[in-house]
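Shown below: work.cif, with mmCIF, C-alpha atoms.
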data_model
loop_
_atom_site.label_atom_id
_atom_site.label_comp_id
_atom_site.auth_asym_id
_atom_site.auth_seq_id
_atom_site.Cartn_x
_atom_site.Cartn_y
_atom_site.Cartn_z
CA MET I 1 -142.56 146.71 -100.84
CA ASN I 2 -142.98 149.11 -103.72
CA PHE I 3 -139.77 149.22 -105.77
CA ARG I 4 -138.74 149.37 -109.36
CA VAL I 5 -135.67 148.10 -111.18
CA ARG I 6 -134.28 150.28 -113.95
CA ALA I 7 -131.10 150.70 -116.00
CA ALA I 8 -128.58 152.90 -114.20
CA THR I 9 -127.62 156.24 -115.73
CA LYS I 10 -124.44 158.27 -115.33
CA ASP I 11 -126.20 160.30 -112.63
CA ASP I 12 -126.50 157.16 -110.47
CA CYS I 13 -122.74 156.61 -110.21
CA LYS I 14 -122.35 158.31 -106.83
CA HIS I 15 -125.00 155.98 -105.44
CA ILE I 16 -123.37 152.97 -107.06
CA GLU I 17 -120.03 154.02 -105.56
CA ARG I 18 -121.70 154.34 -102.14
CA MET I 19 -123.21 150.85 -102.37
CA ILE I 20 -119.97 149.28 -103.69
CA MET I 21 -118.35 150.63 -100.53
CA GLU I 22 -121.19 149.39 -98.30
CA LEU I 23 -120.76 145.93 -99.80
CA ALA I 24 -116.99 146.05 -99.26
CA VAL I 25 -117.46 147.11 -95.63
CA TYR I 26 -119.81 144.16 -95.14
CA GLU I 27 -117.09 141.96 -96.64
CA LYS I 28 -114.57 143.58 -94.27
CA MET I 29 -112.36 144.78 -97.13
CA PRO I 30 -113.21 148.48 -97.68
CA GLU I 31 -109.53 149.33 -98.26
CA GLN I 32 -109.63 147.16 -101.39
CA VAL I 33 -111.92 149.59 -103.25
CA LYS I 34 -109.90 151.69 -105.71
CA ILE I 35 -112.87 152.79 -107.80
CA SER I 36 -114.81 156.04 -107.41
CA TYR I 37 -117.87 157.36 -109.20
CA LYS I 38 -115.58 159.08 -111.72
CA GLU I 39 -114.16 155.76 -112.91
CA LEU I 40 -117.66 154.26 -112.92
CA GLU I 41 -118.88 157.11 -115.13
CA ARG I 42 -115.96 156.66 -117.51
CA ASP I 43 -115.96 152.84 -117.58
CA GLY I 44 -119.70 152.24 -117.73
CA PHE I 45 -121.22 155.22 -119.49
CA GLY I 46 -118.74 156.26 -122.16
CA PRO I 47 -118.01 154.67 -125.54
CA ASN I 48 -117.37 150.90 -125.37
CA PRO I 49 -118.55 150.49 -121.78
CA PHE I 50 -116.99 147.73 -119.68
CA PHE I 51 -120.22 147.01 -117.78
CA GLU I 52 -123.94 147.66 -117.48
CA CYS I 53 -125.79 148.30 -114.24
CA LEU I 54 -129.32 148.14 -112.85
CA VAL I 55 -130.51 149.99 -109.76
CA ALA I 56 -133.46 149.30 -107.48
CA GLU I 57 -135.39 152.37 -106.42
CA VAL I 58 -138.10 152.74 -103.79
CA THR I 59 -140.70 155.46 -103.56
CA GLU I 60 -139.90 158.63 -101.60
CA ASP I 61 -142.04 157.58 -98.61
CA LEU I 62 -139.93 154.45 -98.18
CA LYS I 63 -136.52 156.14 -98.38
CA SER I 64 -133.72 154.92 -96.12
CA LYS I 65 -132.90 156.58 -92.82
CA GLU I 66 -130.05 158.38 -94.63
CA GLY I 67 -132.57 159.67 -97.18
CA TYR I 68 -131.72 157.35 -100.10
CA THR I 69 -134.28 155.99 -102.54
CA ILE I 70 -131.71 153.98 -104.54
CA VAL I 71 -131.30 150.94 -102.32
CA GLY I 72 -129.75 148.22 -104.45
CA TYR I 73 -127.82 147.49 -107.62
CA ALA I 74 -126.71 144.70 -109.92
CA LEU I 75 -123.61 145.26 -112.04
CA TYR I 76 -122.98 142.87 -114.94
CA PHE I 77 -121.24 142.44 -118.29
CA TYR I 78 -121.19 140.03 -121.20
CA THR I 79 -118.83 137.09 -121.54
CA TYR I 80 -118.50 134.32 -124.12
CA SER I 81 -118.38 130.54 -124.02
CA THR I 82 -116.68 128.97 -127.04
CA TRP I 83 -118.99 125.99 -126.59
CA LYS I 84 -122.32 127.72 -125.98
CA GLY I 85 -122.04 131.37 -127.04
CA PRO I 86 -122.82 134.62 -125.20
CA SER I 87 -123.29 134.65 -121.43
CA VAL I 88 -124.02 137.34 -118.89
CA TYR I 89 -121.88 137.61 -115.76
CA MET I 90 -123.23 139.30 -112.64
CA GLU I 91 -120.27 140.85 -110.83
CA ASP I 92 -122.16 142.44 -107.93
CA LEU I 93 -125.65 142.07 -106.47
CA TYR I 94 -126.40 144.23 -103.44
CA VAL I 95 -129.43 145.39 -101.46
CA MET I 96 -129.14 147.71 -98.45
CA PRO I 97 -129.68 145.72 -95.22
CA ASP I 98 -132.92 147.47 -94.18
CA PHE I 99 -134.48 146.64 -97.55
CA ARG I 100 -133.71 142.93 -97.69
CA GLY I 101 -136.38 140.26 -97.62
CA ASN I 102 -138.65 142.14 -100.02
CA GLY I 103 -137.67 140.46 -103.28
CA ILE I 104 -135.43 143.32 -104.41
CA GLY I 105 -132.32 141.14 -104.86
CA LYS I 106 -134.37 138.55 -106.72
CA GLY I 107 -135.90 141.32 -108.84
CA LEU I 108 -132.48 142.69 -109.79
CA MET I 109 -131.12 139.24 -110.62
CA SER I 110 -134.18 138.29 -112.68
CA LYS I 111 -133.85 141.49 -114.65
CA VAL I 112 -130.19 140.69 -115.38
CA ALA I 113 -131.34 137.28 -116.65
CA GLN I 114 -134.00 138.90 -118.82
CA VAL I 115 -131.64 141.52 -120.28
CA GLY I 116 -129.11 138.74 -120.94
CA LYS I 117 -131.63 136.56 -122.72
CA GLU I 118 -132.59 139.49 -124.93
CA LYS I 119 -128.94 139.53 -126.04
CA ARG I 120 -129.05 135.76 -126.77
CA CYS I 121 -127.18 134.84 -123.59
CA VAL I 122 -127.59 131.20 -122.62
CA ARG I 123 -126.02 131.50 -119.17
CA LEU I 124 -126.00 133.81 -116.18
CA GLN I 125 -122.84 133.29 -114.15
CA LEU I 126 -121.43 134.69 -110.92
CA SER I 127 -118.92 133.93 -108.17
CA VAL I 128 -119.49 133.57 -104.45
CA LEU I 129 -117.04 133.16 -101.56
CA ASP I 130 -117.34 129.75 -99.91
CA TRP I 131 -117.94 131.22 -96.42
CA ASN I 132 -120.89 133.22 -97.78
CA THR I 133 -123.36 130.37 -97.32
CA PRO I 134 -126.49 132.59 -97.20
CA SER I 135 -125.69 133.80 -100.72
CA LEU I 136 -124.63 130.35 -101.96
CA ASP I 137 -127.88 128.88 -100.61
CA PHE I 138 -129.91 131.71 -102.18
CA TYR I 139 -128.45 131.16 -105.63
CA VAL I 140 -128.63 127.38 -105.49
CA ALA I 141 -132.26 127.61 -104.29
CA LYS I 142 -132.98 129.71 -107.38
CA GLY I 143 -131.50 127.04 -109.63
CA ALA I 144 -127.78 127.84 -109.93
CA GLN I 145 -125.24 125.05 -110.29
CA ASP I 146 -122.05 125.29 -108.24
CA LEU I 147 -119.42 124.56 -110.91
CA THR I 148 -116.52 124.70 -108.47
CA ALA I 149 -118.12 121.92 -106.43
CA SER I 150 -119.44 119.86 -109.36
CA GLU I 151 -116.79 120.27 -112.04
CA GLY I 152 -113.79 121.53 -110.07
CA TRP I 153 -113.24 124.88 -111.76
CA HIS I 154 -110.52 127.03 -110.21
CA TYR I 155 -110.49 130.76 -110.73
CA LEU I 156 -107.04 132.21 -111.45
CA ARG I 157 -105.73 135.73 -111.62
CA PHE I 158 -102.64 137.61 -112.76
CA ASP I 159 -102.26 141.14 -111.46
CA GLY I 160 -99.59 143.62 -110.37
CA ASP I 161 -96.06 142.55 -111.21
CA ALA I 162 -97.13 139.19 -112.60
CA LEU I 163 -99.36 140.93 -115.13
CA ASP I 164 -96.64 143.45 -116.03
CA ARG I 165 -94.13 140.66 -116.58
CA LEU I 166 -96.51 138.82 -118.88
CA ALA I 167 -97.36 141.91 -120.89
CA ASN I 168 -93.71 142.83 -121.30
CA GLU I 169 -92.94 139.41 -122.71
CA ALA I 170 -95.52 139.62 -125.50
CA PRO I 171 -94.17 138.75 -128.95
CA LYS I 172 -93.66 141.63 -131.36
CA ASP I 173 -96.40 142.23 -133.93
CA MET B 174 -89.82 127.96 -133.77
CA ASN B 175 -90.79 130.80 -136.06
CA PHE B 176 -94.33 131.96 -135.25
CA ARG B 177 -96.26 135.15 -134.98
CA VAL B 178 -99.26 136.16 -132.90
CA ARG B 179 -101.82 138.42 -134.55
CA ALA B 180 -105.40 139.57 -134.05
CA ALA B 181 -107.86 137.13 -135.62
CA THR B 182 -110.00 138.27 -138.52
CA LYS B 183 -113.38 137.02 -139.69
CA ASP B 184 -111.59 134.80 -142.20
CA ASP B 185 -109.95 132.88 -139.35
CA CYS B 186 -113.23 131.69 -137.86
CA LYS B 187 -113.18 128.28 -139.56
CA HIS B 188 -109.76 127.68 -138.02
CA ILE B 189 -110.92 128.91 -134.62
CA GLU B 190 -113.93 126.57 -134.86
CA ARG B 191 -111.58 123.69 -135.73
CA MET B 192 -109.34 124.39 -132.74
CA ILE B 193 -112.28 124.88 -130.34
CA MET B 194 -113.33 121.37 -131.36
CA GLU B 195 -109.81 119.98 -130.98
CA LEU B 196 -109.70 121.41 -127.45
CA ALA B 197 -113.11 119.92 -126.63
CA VAL B 198 -112.01 116.51 -127.93
CA TYR B 199 -108.93 116.73 -125.69
CA GLU B 200 -111.29 117.51 -122.80
CA LYS B 201 -113.46 114.52 -123.85
CA MET B 202 -116.56 116.68 -124.31
CA PRO B 203 -116.84 117.35 -128.07
CA GLU B 204 -120.64 116.94 -127.96
CA GLN B 205 -120.81 120.06 -125.76
CA VAL B 206 -119.77 122.36 -128.62
CA LYS B 207 -122.81 124.15 -130.05
CA ILE B 208 -120.85 126.93 -131.76
CA SER B 209 -119.78 126.96 -135.40
CA TYR B 210 -117.73 129.45 -137.39
CA LYS B 211 -120.93 131.26 -138.38
CA GLU B 212 -121.71 132.13 -134.75
CA LEU B 213 -118.07 133.07 -134.18
CA GLU B 214 -118.23 135.44 -137.16
CA ARG B 215 -121.45 137.00 -135.88
CA ASP B 216 -120.48 137.17 -132.20
CA GLY B 217 -116.87 138.29 -132.56
CA PHE B 218 -116.67 140.31 -135.76
CA GLY B 219 -119.93 142.23 -136.01
CA PRO B 220 -121.08 145.34 -134.14
CA ASN B 221 -120.68 145.12 -130.33
CA PRO B 222 -118.54 141.95 -130.40
CA PHE B 223 -118.74 139.60 -127.42
CA PHE B 224 -115.07 138.62 -127.64
CA GLU B 225 -111.68 139.26 -129.22
CA CYS B 226 -109.29 136.59 -130.45
CA LEU B 227 -105.61 136.15 -131.25
CA VAL B 228 -104.19 133.43 -133.47
CA ALA B 229 -100.68 131.99 -133.65
CA GLU B 230 -99.40 131.37 -137.15
CA VAL B 231 -96.30 129.51 -138.30
CA THR B 232 -94.51 129.89 -141.60
CA GLU B 233 -95.59 127.70 -144.53
CA ASP B 234 -92.56 125.39 -144.18
CA LEU B 235 -93.60 124.52 -140.64
CA LYS B 236 -97.26 123.81 -141.42
CA SER B 237 -98.99 120.92 -139.61
CA LYS B 238 -99.34 117.49 -141.16
CA GLU B 239 -102.91 118.46 -142.09
CA GLY B 240 -101.56 121.54 -143.86
CA TYR B 241 -102.48 124.20 -141.30
CA THR B 242 -100.36 127.25 -140.52
CA ILE B 243 -102.77 128.56 -137.85
CA VAL B 244 -101.80 126.39 -134.91
CA GLY B 245 -103.10 128.13 -131.78
CA TYR B 246 -105.50 130.73 -130.46
CA ALA B 247 -106.41 132.75 -127.39
CA LEU B 248 -109.99 133.99 -127.04
CA TYR B 249 -110.69 136.69 -124.46
CA PHE B 250 -113.06 139.49 -123.45
CA TYR B 251 -113.24 142.34 -120.97
CA THR B 252 -114.78 142.13 -117.52
CA TYR B 253 -115.03 144.61 -114.65
CA SER B 254 -114.15 144.59 -110.98
CA THR B 255 -116.10 147.11 -108.90
CA TRP B 256 -113.06 147.35 -106.62
CA LYS B 257 -110.26 147.57 -109.18
CA GLY B 258 -111.71 148.41 -112.58
CA PRO B 259 -111.35 146.76 -116.00
CA SER B 260 -109.95 143.23 -116.31
CA VAL B 261 -109.31 140.92 -119.21
CA TYR B 262 -110.59 137.34 -119.04
CA MET B 263 -108.96 134.63 -121.16
CA GLU B 264 -111.66 132.08 -121.97
CA ASP B 265 -109.56 129.72 -124.12
CA LEU B 266 -105.85 129.21 -124.71
CA TYR B 267 -104.93 126.40 -127.12
CA VAL B 268 -101.90 125.26 -129.09
CA MET B 269 -102.01 122.21 -131.39
CA PRO B 270 -100.17 119.28 -129.73
CA ASP B 271 -97.33 119.06 -132.29
CA PHE B 272 -96.51 122.72 -131.76
CA ARG B 273 -96.31 122.77 -127.97
CA GLY B 274 -93.13 123.45 -126.05
CA ASN B 275 -92.10 126.31 -128.34
CA GLY B 276 -93.41 129.24 -126.34
CA ILE B 277 -96.52 129.69 -128.48
CA GLY B 278 -98.97 129.39 -125.58
CA LYS B 279 -96.88 131.77 -123.51
CA GLY B 280 -96.70 134.15 -126.48
CA LEU B 281 -100.47 134.15 -126.91
CA MET B 282 -101.07 134.70 -123.19
CA SER B 283 -98.51 137.50 -122.96
CA LYS B 284 -100.13 139.23 -125.89
CA VAL B 285 -103.53 139.02 -124.16
CA ALA B 286 -101.91 140.64 -121.11
CA GLN B 287 -100.40 143.37 -123.26
CA VAL B 288 -103.64 144.11 -125.11
CA GLY B 289 -105.46 144.16 -121.78
CA LYS B 290 -103.00 146.59 -120.24
CA GLU B 291 -103.43 148.89 -123.22
CA LYS B 292 -107.12 149.03 -122.28
CA ARG B 293 -106.25 149.87 -118.63
CA CYS B 294 -106.93 146.33 -117.40
CA VAL B 295 -105.37 145.59 -114.03
CA ARG B 296 -106.02 141.84 -114.07
CA LEU B 297 -105.86 138.88 -116.42
CA GLN B 298 -108.16 136.14 -115.19
CA LEU B 299 -109.02 132.61 -116.32
CA SER B 300 -110.49 129.35 -115.07
CA VAL B 301 -108.90 125.90 -115.03
CA LEU B 302 -110.34 122.49 -114.12
CA ASP B 303 -108.77 121.07 -110.96
CA TRP B 304 -107.71 117.81 -112.69
CA ASN B 305 -105.81 119.82 -115.30
CA THR B 306 -102.65 120.09 -113.20
CA PRO B 307 -100.28 120.73 -116.16
CA SER B 308 -102.24 123.88 -116.96
CA LEU B 309 -102.66 124.89 -113.31
CA ASP B 310 -98.92 124.46 -112.79
CA PHE B 311 -98.16 126.42 -115.98
CA TYR B 312 -100.25 129.41 -114.93
CA VAL B 313 -99.07 129.41 -111.31
CA ALA B 314 -95.45 129.20 -112.50
CA LYS B 315 -96.09 132.29 -114.60
CA GLY B 316 -97.35 134.16 -111.53
CA ALA B 317 -101.11 133.46 -111.35
CA GLN B 318 -102.85 133.24 -107.99
CA ASP B 319 -105.36 130.42 -107.50
CA LEU B 320 -108.30 132.33 -106.02
CA THR B 321 -110.41 129.23 -105.50
CA ALA B 322 -107.68 127.74 -103.32
CA SER B 323 -106.66 130.96 -101.55
CA GLU B 324 -109.93 132.85 -101.15
CA GLY B 325 -112.57 130.17 -101.68
CA TRP B 326 -114.35 131.57 -104.71
CA HIS B 327 -117.05 129.32 -106.16
CA TYR B 328 -118.17 129.70 -109.73
CA LEU B 329 -121.93 129.49 -110.21
CA ARG B 330 -124.11 129.22 -113.29
CA PHE B 331 -127.76 129.48 -114.26
CA ASP B 332 -128.68 128.03 -117.64
CA GLY B 333 -131.54 126.22 -119.41
CA ASP B 334 -134.79 126.15 -117.45
CA ALA B 335 -133.25 127.85 -114.40
CA LEU B 336 -132.27 130.84 -116.54
CA ASP B 337 -135.67 130.95 -118.25
CA ARG B 338 -137.46 130.90 -114.89
CA LEU B 339 -135.34 133.78 -113.63
CA ALA B 340 -135.85 135.86 -116.75
CA ASN B 341 -139.60 135.29 -116.69
CA GLU B 342 -139.80 136.57 -113.11
CA ALA B 343 -138.16 139.92 -113.86
CA PRO B 344 -140.06 142.92 -112.55
CA LYS B 345 -141.88 145.03 -115.12
CA ASP B 346 -140.15 148.20 -116.26
#
Represent the supplied structure as structure tokens.
Amino acid sequence: MNFRVRAATKDDCKHIERMIMELAVYEKMPEQVKISYKELERDGFGPNPFFECLVAEVTEDLKSKEGYTIVGYALYFYTYSTWKGPSVYMEDLYVMPDFRGNGIGKGLMSKVAQVGKEKRCVRLQLSVLDWNTPSLDFYVAKGAQDLTASEGWHYLRFDGDALDRLANEAPKD
Amino acid sequence: MNFRVRAATKDDCKHIERMIMELAVYEKMPEQVKISYKELERDGFGPNPFFECLVAEVTEDLKSKEGYTIVGYALYFYTYSTWKGPSVYMEDLYVMPDFRGNGIGKGLMSKVAQVGKEKRCVRLQLSVLDWNTPSLDFYVAKGAQDLTASEGWHYLRFDGDALDRLANEAPKD
């Protein structure tokens, strides 16, 4: 299938919003999405962006039944290991269902790896839900190590009231 | 105990390097550390820094037996949730053994939460090894959710040859 992977621009944010929602519907949690294209524009395409994004685009003759030529995205940002240095973290990887099986997901992920390496990143990391075995198998087949299984890493989060409490208890400058 | 938490400067990097190594020795993996203060200076204090860092400092009369007044650090960076928006991720939190039990770790973590909230972050996230129950208990007691236990997130990584292979397979622009 004829597709290209390119850096997203501000004009792509409505499409990225649409695909974030498609992914959340697939994951049966659409009500969790609090982000719209306006936040994506502000957070990814202003000064000091929080993320970078790639989109996969097909030619006009291959457009989706809804008329879309942007059919996938990979959203990522840079993290840091105090042992190894810069890493790239892929937050989302998504391809519209009708376009799967054509190497688009692999193409997006490989491009994230390439962009990361250009910034001296020594790791590409991501998280997968344990019930999502097709994705787990895909990543492991491509060479990923499952650090939760092999090293026992647990992923923790503070949000809402717990985060507010913490922040309010910060020592004075 | 009299201590203050402040943003690290380039001049603190030798101390941060020292404490990164102390933490790795505690974790019995000192040979894993490939980072020195020179990389920390470049990666954290140049243009487009990969991380930010706080240090905890005690007064001169409380200095460690080795003569150090910088006795702890928290190293963090910003990440992004496509459902919720900006988050702050705490990569390392460390306090020298003789200075524990005085609220320094809590002070560093609270300050990370506060700095994160100032940047509109809605989450503070971190990872902990499953055998490290004192730390797991500490974070959960402060209000963290264990997402690996509750939602089944697995943490995956590509590095070395697997990362090179991926990057080399990226589609052409």
(request) Run the PyMOL selection byres ((chain I and resi 138-142) around 10) on the file and write out the hits as JSON, numbers by chain. (result) {"I": [106, 109, 126, 128, 133, 134, 135, 136, 137, 143, 144, 145, 146], "B": [329, 330, 331, 335, 336, 338, 339]}
(message) I want to know what sits within 9 Å of I:Phe3, based on only C-alpha atoms, with residues of the same chain fewer than 3 positions away left out; could you give that as a PyMOL selection string?
(response) chain I and resi 56-59+104
(request) For B:Lys292, list every protein, DNA or RNA residue within 9 Å, evaluated using only C-alpha atoms, and leave out those in the same chain fewer than 2 positions away; present the list as an MDAnalysis selection string. (result) chainID B and resid 259:261 287:290 294
(request) Considering all atoms listed in the file, state which residue in the set I:Asp11, I:Glu22, I:Glu66, I:Glu60 is at the smallest distance from chain B. (result)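 Closest to chain B of all the choices is I:Glu22.
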(message) Counting all atoms listed in the file, which residue out of I:Gly46, I:Gly105, I:Gly67, I:Gly85 sits closest to chain B?
(response) I:Gly85
Please give the centre and size of the box around stretch 35-53 of chain I (axis-aligned, containing every atom listed in the file, 3 Å added per side), with values in Å to one decimal and written as AutoDock Vina command-line options.
--center_x -119.3 --center_y 153.0 --center_z -116.5 --size_x 18.9 --size_y 18.1 --size_z 24.1
(message) Calculated over only C-alpha atoms, which of the candidates I:Ile20, I:Ile35, I:Ala149, I:Leu40 has the smallest distance to I:Val95?
(response)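 Answer, going by the shortest atom-to-atom distance: I:Ile20.
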(request) One decimal, Å: what's the distance from atom CA of B:Ala181 over to atom CA of B:Leu227, could you say? (result) 5.0 Å
(message) Restricting the calculation to all atoms listed in the file: of I:Gly107, I:Tyr94, I:His154, I:Trp131, which residue gets closest to I:Met21?
(response) I:Tyr94
(request) Would you mind telling me which residue in B:Asn221, B:Ser254, B:Asn175, B:Gln205 lies nearest to B:Lys236 when using only C-alpha atoms? (result) B:Asn175
(message) Quick check, in Å to one decimal: how far apart do atom CA of I:Thr82 and atom CA of B:Glu190 lie?
(response) 8.6 Å
(message) So, with only C-alpha atoms as the atoms that count, which of B:Leu235, B:Cys186, B:Val198, B:Val178 lies closest to chain I?
(response) B:Val178
